[in-house]
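Q: Can you keep this structure in mind? I'll have questions shortly.
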Amino acid sequence: MIGKSISRKVMAGYIVILLTVLLAGLYLYQQSSYVGKTNEAFTKELLPKLQSIEVISKELSELQLAAYALYGTTINAQQFSQFYTTSKRTLTEQLSQFENEVFSRTGFNRSFTELFQVIDKLYATMNRDSIDWDEARLYL
């Protein structure tokens with residue numbers, strides 16, 4: 001056994017406590033290193049994509065409002081054309097940050113192409129001398 005004296009038993013207890021604290025410290029250091037790597041991956045990869053998604057969502061909302069404003073004659077075709085060109089460029093830039101394989105699997109690329117085609121048709125309908133309101137409403 002360790003010994004019969006109390007001082008040896010106390011010393012053995014202190015050694016066990018010290019070893020436990022060292023092992024716990026080593027475990028916590030490894031965990032903090034893992035958290036640091038995960039945080040780095042998040043800030044370098046996911047955060048920019050989340051920001052792009054936020055910009056895309058905002059741009060789509062504004063584009064929808066502009067389309068309704070064009071239909072409601074709040075803005076004219078020239079103002080809508082300028083806004084649409086800027087918005088389309090912004091959306092294209094933001095979408096290019098994502099991998100193409102994600103878009104091909106989920107159909108986002110096709111959806112945005114269809115959206116732009118519908119908006120082009122709405123613009124063409126609203127830019128005519130004689131506006132077909134039923135056709136324009138269909139595109140909304």
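How things are named: the first chain in the structure tokens is A, the next is B, and so on; residues count from 1 in each chain; ligands count from 1 in the order shown.
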Using DSSP assignments from the backbone, pull out every residue in chain A that falls under helix (DSSP H, G or I) and give it to me as a ChimeraX atom specification.
A: /A:6-71,77-95,100-106,108-126,133-139
Q: I'd like to know which of A:Leu140, A:Gln97, A:Phe42, A:Gly36 is closest to Gln64 in chain A, using only C-alpha atoms.
A: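 Of all the options, A:Leu140 lies closest to Gln64 in chain A.
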Q: Name the residues in contact with range 71-74 of chain A at a cut-off of 9 Å, using only C-alpha atoms, excluding same-chain residues fewer than 4 positions from it; report them as a PyMOL selection string.
A: chain A and resi 66-67+122+126+133+136-137+140
Q: Based on the selection just made, write N, CA and C atoms of those residues as an mmCIF file, in the first residue's frame.
A:
```
data_model
loop_
_atom_site.group_PDB
_atom_site.id
_atom_site.type_symbol
_atom_site.label_atom_id
_atom_site.label_comp_id
_atom_site.auth_asym_id
_atom_site.auth_seq_id
_atom_site.Cartn_x
_atom_site.Cartn_y
_atom_site.Cartn_z
ATOM 1 N N ALA A 66 -40.844 46.198 -57.479
ATOM 2 C CA ALA A 66 -40.688 47.012 -58.683
ATOM 3 C C ALA A 66 -41.602 46.518 -59.797
ATOM 4 N N ALA A 67 -41.775 45.200 -59.914
ATOM 5 C CA ALA A 67 -42.672 44.649 -60.939
ATOM 6 C C ALA A 67 -44.109 45.086 -60.675
ATOM 7 N N LEU A 122 -42.989 40.672 -68.873
ATOM 8 C CA LEU A 122 -43.771 41.717 -68.211
ATOM 9 C C LEU A 122 -43.324 43.097 -68.677
ATOM 10 N N MET A 126 -45.641 45.795 -70.648
ATOM 11 C CA MET A 126 -45.913 47.116 -70.071
ATOM 12 C C MET A 126 -45.274 48.243 -70.872
ATOM 13 N N TRP A 133 -53.547 44.530 -70.100
ATOM 14 C CA TRP A 133 -53.487 44.416 -68.648
ATOM 15 C C TRP A 133 -53.658 42.970 -68.177
ATOM 16 N N ALA A 136 -50.318 41.291 -68.687
ATOM 17 C CA ALA A 136 -49.361 41.774 -67.684
ATOM 18 C C ALA A 136 -49.645 41.149 -66.317
ATOM 19 N N ARG A 137 -50.929 41.055 -65.969
ATOM 20 C CA ARG A 137 -51.315 40.443 -64.687
ATOM 21 C C ARG A 137 -50.905 38.982 -64.643
ATOM 22 N N LEU A 140 -47.361 38.654 -63.563
ATOM 23 C CA LEU A 140 -47.094 38.943 -62.153
ATOM 24 C C LEU A 140 -47.266 37.681 -61.342
#
```
Q: Write out, as JSON lines, each residue of range 15-58 of chain A that has an atom at most 9 Å from range 84-95 of chain A, together with the closest pair of atoms and their distance in Å to one decimal, counting only C-alpha atoms, rows going by chain and rising number.
A:
```
{"residue": "A:Lys49", "atom": "CA", "partner": "A:Gln94", "partner_atom": "CA", "distance": 8.8}
{"residue": "A:Ser52", "atom": "CA", "partner": "A:Gln94", "partner_atom": "CA", "distance": 5.6}
{"residue": "A:Ile53", "atom": "CA", "partner": "A:Gln94", "partner_atom": "CA", "distance": 7.8}
{"residue": "A:Val55", "atom": "CA", "partner": "A:Gln94", "partner_atom": "CA", "distance": 7.5}
{"residue": "A:Ile56", "atom": "CA", "partner": "A:Leu91", "partner_atom": "CA", "distance": 6.0}
```
Q: Which distance in Å separates CA of Ile131 in chain A and CA of Ser81 in chain A, to one decimal?
A: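 Taking CA of Ile131 in chain A as the start and CA of Ser81 in chain A as the end point, the length is 16.5 Å.
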Q: Could you jot down the CA of Lys121 in chain A to CA of Ser61 in chain A separation for me, Å, one decimal place?
A: 18.6 Å
Q: Rounded to one decimal place, report the CA of Tyr139 in chain A-CA of Phe98 in chain A distance in Å.
A: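 Separating CA of Tyr139 in chain A from CA of Phe98 in chain A is a distance of 28.0 Å.
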